[in-house]
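Only one structure is covered here, and it is reproduced in the block below.
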Amino acid sequence: MSDRQSRRPQVGRSRVTLALGVLFAGTFVTGCAEMLVMGMLDLIAVDQAVPLSAVGVLVSANALGIAVGGPTLTFLTARLDRRPVLLTALAVFTGLNALPALGAGLDAFVAARVAIGAVEGLFIAAAITTATSIVPRERVGRAMAVVISGFAVSGAVGMPLGRLLGEAVGWRASFLAVVLAAAAVLLVALVVVPRVHAGTEVGLLGQLRSALAPRVLAVLAVGVLLFAGASAAQTYLVPFLDEMAGVSGPWIGVCLMGFGIAAAVGSFGGGRFADAGAVRALTLGTVGVTASLVAMGVAGVSPVIAVAATAGLAVCGAGVTSPWQHRVEDLAGPGAILAASLPASAGNLGDAVGAFLGGRMIDVGGVPAAVLTAAALAALSIVAAIASRALRPAPLPREPEPATVH
């Protein structure tokens with residue numbers, strides 16, 4: 001992975017397990033806060049007496065914070081110990097999510113969502129760095145998967161949970177549940193998360209050069225194409241199931257829950273594939289996503305094919321995340337701490353591009369056109385993944401040889 005792994009903290013197995021558990025809980029809570037808004041957009045719009053589109057800005061604000069603010073904060077804190085960075089990010093996240101619970105207006109909430117996204121991106125990077133620093137090298141991919149899987153699981157329960165809470169206790173009170181859960185995770189993290197040094201002697205500019213090297217950007221581009229393809233289809237999953245596959249009524253809810261469960265399974269499994277060979281796993285993941293999207297394109301003939309294809313998309317799309325993260329950090333070398341924040345940023349960019357292109361294609365040719373576009377983007381990611389297989393990390397600088405005394 002990088003030179004930081006040569007100085008791993010000595011942490012007992014039980015504490016490693018507890019630390020990984022609390023890091024999973026942290027990403028689960030931050031993911032639920034993100035999904036919570038999506039599940040209550042209409043409730044917030046009615047309460048604030050504004051159009052639904054005005055409330056939709058909350059989703060965009062969070063994505064912008066992750067995409068831009070996350071890497072920026074990670075860069076500024078790259079030489080600090082990961083433990084205080086992680087704890088501070090979680091504390092700020094908790095405080096900012098209290099604003100809507102305390103009655104903040106829509107404008108203040110939108111501004112807070114940008115900041116929430118930024119500290120969420122910082123937390124993701126710090127959590128991944130911490131997790132991969134306390135496990136043996138051969139389990140780095142699985143440690144990444146534990147952290148990343150928090151988001152996959154939150155995707156399965158966050159939106160429906162947000163809806164239930166919003167309808168039962170009101171959308172503002174729902175955020176109080178997020179604050180309480182985040183505070184609980186923070187208290188446990190204070191006890192069980194070990195201290196992890198930044199572990200690099202490279203300066204900030206050196207880390208920036210390594211993290212943004214062409215080889216790293218090339219692999220990030222693979223993910224942008226892949227997630228743009230996945231997003232172009234799954235953003236419009238409900239109309240796909242209804243219009244193309246003939247799945248309607250309560251079965252749509254069942255399919256969406258199944259999609260979330262399949263994504264969680266894929267996310268956990270992706271860690272093992274990353275440890276076995278991130279390069280190969282990344283390529284196979286792009287093939288799996290593309291094949292699933294192609295199957296979705298012909299799903300009109302059978303609801304069974306539609307359900308199987310969406311499950312395949314969930315498993316492969318989530319399963320490729322850990323190998324992609326592993327590959328990016330590996331290629332970044334001494335810039336791995338900063339690079340840890342980049343896949344989340346690039347993934348959000350891909351999601352935004354895919355959702356936009358999918359929407360435009362629906363306007364042109366309906367849901368089938370969006371699915372075709374999604375498959376084309378994913379197919380391009382296969383080409384990019386194959387082309388990136390030959391990329392190797394830059395060699396670490398050699399230690400100067402001691403002078404010979406005559």
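Each chain in the structure tokens gets a letter, A, B and so on, in the order shown; residues start at 1 in every chain, and ligands are counted from 1 in the order they appear.
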
Cys255 of chain A surroundings by only C-alpha atoms, 10 Å radius, close-in-sequence under 4 positions cut, as a VMD selection string: chain A and resid 237 to 238 241 247 to 248 250 to 251 259 to 261 306 to 307 310 to 311

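Nearest-residue note for Val169 of chain A: choosing from A:Ala101, A:Leu186, A:Val46, A:Ile124, the minimum distance belongs to A:Ala101, counting only C-alpha atoms.
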
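Counting only C-alpha atoms, the residue from A:Gly350, A:Gly162, A:Gly277, A:Pro368 that sits nearest to Leu176 of chain A is A:Gly162.
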
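Residue nearest Thr27 of chain A within the list A:Pro71, A:Asp42, A:Val185, A:Arg172: A:Val185 [criterion: smallest interatomic distance, only C-alpha atoms].
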
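Closest approach to Leu64 of chain A among A:Val254, A:Leu226, A:Ala352, A:Met244 is made by A:Ala352 (distances from only C-alpha atoms).
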
Polymer residues at most 12 Å from Gly359 of chain A, only C-alpha atoms, same-chain spacing of 6 or more positions, as a ChimeraX atom specification: /A:231-237,239,352-353,365-371,373-374

Take the residues just selected and output them with N, CA and C atoms as an mmCIF file, in the first residue's frame.
data_model
loop_
_atom_site.group_PDB
_atom_site.id
_atom_site.type_symbol
_atom_site.label_atom_id
_atom_site.label_comp_id
_atom_site.auth_asym_id
_atom_site.auth_seq_id
_atom_site.Cartn_x
_atom_site.Cartn_y
_atom_site.Cartn_z
ATOM 1 N N SER A 231 -25.225 4.871 -11.905
ATOM 2 C CA SER A 231 -26.166 5.903 -11.448
ATOM 3 C C SER A 231 -27.200 6.240 -12.507
ATOM 4 N N ALA A 232 -26.808 6.219 -13.778
ATOM 5 C CA ALA A 232 -27.751 6.532 -14.848
ATOM 6 C C ALA A 232 -28.929 5.570 -14.849
ATOM 7 N N ALA A 233 -28.718 4.364 -14.325
ATOM 8 C CA ALA A 233 -29.805 3.381 -14.252
ATOM 9 C C ALA A 233 -30.467 3.365 -12.880
ATOM 10 N N GLN A 234 -29.662 3.281 -11.812
ATOM 11 C CA GLN A 234 -30.269 3.059 -10.506
ATOM 12 C C GLN A 234 -30.938 4.305 -9.938
ATOM 13 N N THR A 235 -30.599 5.495 -10.425
ATOM 14 C CA THR A 235 -31.325 6.692 -10.006
ATOM 15 C C THR A 235 -32.796 6.586 -10.406
ATOM 16 N N TYR A 236 -33.029 5.910 -11.509
ATOM 17 C CA TYR A 236 -34.387 5.773 -12.035
ATOM 18 C C TYR A 236 -34.861 4.322 -11.921
ATOM 19 N N LEU A 237 -34.468 3.684 -10.815
ATOM 20 C CA LEU A 237 -34.777 2.276 -10.617
ATOM 21 C C LEU A 237 -36.283 2.030 -10.495
ATOM 22 N N PRO A 239 -38.948 3.834 -11.839
ATOM 23 C CA PRO A 239 -39.618 3.799 -13.146
ATOM 24 C C PRO A 239 -39.164 2.632 -14.015
ATOM 25 N N ALA A 352 -23.380 12.017 -9.993
ATOM 26 C CA ALA A 352 -24.035 13.227 -10.489
ATOM 27 C C ALA A 352 -24.128 13.225 -12.014
ATOM 28 N N VAL A 353 -23.015 12.841 -12.675
ATOM 29 C CA VAL A 353 -23.002 12.799 -14.134
ATOM 30 C C VAL A 353 -24.006 11.766 -14.645
ATOM 31 N N GLY A 365 -35.778 9.399 -24.955
ATOM 32 C CA GLY A 365 -36.274 8.095 -25.386
ATOM 33 C C GLY A 365 -36.854 7.235 -24.294
ATOM 34 N N GLY A 366 -37.159 7.824 -23.136
ATOM 35 C CA GLY A 366 -37.754 7.054 -22.058
ATOM 36 C C GLY A 366 -36.726 6.259 -21.271
ATOM 37 N N VAL A 367 -37.210 5.432 -20.344
ATOM 38 C CA VAL A 367 -36.333 4.648 -19.468
ATOM 39 C C VAL A 367 -35.390 3.727 -20.249
ATOM 40 N N PRO A 368 -35.835 3.069 -21.344
ATOM 41 C CA PRO A 368 -34.893 2.218 -22.089
ATOM 42 C C PRO A 368 -33.657 2.976 -22.572
ATOM 43 N N ALA A 369 -33.827 4.241 -22.960
ATOM 44 C CA ALA A 369 -32.678 5.035 -23.421
ATOM 45 C C ALA A 369 -31.709 5.288 -22.277
ATOM 46 N N ALA A 370 -32.235 5.503 -21.070
ATOM 47 C CA ALA A 370 -31.373 5.721 -19.908
ATOM 48 C C ALA A 370 -30.570 4.464 -19.590
ATOM 49 N N VAL A 371 -31.212 3.300 -19.672
ATOM 50 C CA VAL A 371 -30.517 2.046 -19.390
ATOM 51 C C VAL A 371 -29.447 1.779 -20.449
ATOM 52 N N THR A 373 -27.803 4.066 -22.164
ATOM 53 C CA THR A 373 -26.710 4.991 -21.863
ATOM 54 C C THR A 373 -25.877 4.479 -20.701
ATOM 55 N N ALA A 374 -26.552 3.948 -19.682
ATOM 56 C CA ALA A 374 -25.849 3.407 -18.521
ATOM 57 C C ALA A 374 -24.916 2.266 -18.934
#

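The residue set within 12 Å of Leu18 of chain A, counting only C-alpha atoms and dropping same-chain residues fewer than 2 places from it, reads Val11, Gly12, Arg13, Ser14, Arg15, Val16, Leu20, Gly21, Val22, Leu23, Phe24, Ala25, Ala131, Ile134, Val146, Val185, Val188, Ala189, Leu190, Val191, Val192, Val193 and Pro194 of chain A.
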
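Distances from A:Ile337, A:Ala61, A:Ile252, A:Ala332 to Leu80 of chain A were compared using only C-alpha atoms, and the smallest one belongs to A:Ile337.
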
Contacts of segment 313-326 of chain A within 9 Å, only C-alpha atoms, excl. fewer than 6 positions in-chain, as a PyMOL selection string: chain A and resi 1+140-142+144-145+148-149+152+219-220+222-223+226-227+230+234+259-275+277-293+339-340+342-344

Counting only C-alpha atoms, the residue of A:Asn348, A:Gly258, A:Leu165, A:Cys32 that sits nearest Ser60 of chain A: A:Asn348

Alpha helix (DSSP H) positions in segment 14-115 of chain A, given as an MDAnalysis selection string: chainID A and resid 14:39 41:48 52:64 70:76 82:101 106:115

Residue contacts of Gln207 of chain A (9 Å, only C-alpha atoms) excluding same-chain residues fewer than 4 positions away, as a list in words: Phe75, Ala78, Thr200, Val202, Gly203, Ala211, Leu212, Ala332, Gly333, Pro334, Gly335, Ala336, Ile337, Leu338 and Ala339 of chain A

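For Ser345 of chain A, the residues within 7 Å (counting only C-alpha atoms, excluding itself and residues fewer than 3 positions away along the chain) are Ile66, Ala67, Val68, Ser341, Leu342, Asn348 and Leu349 of chain A.
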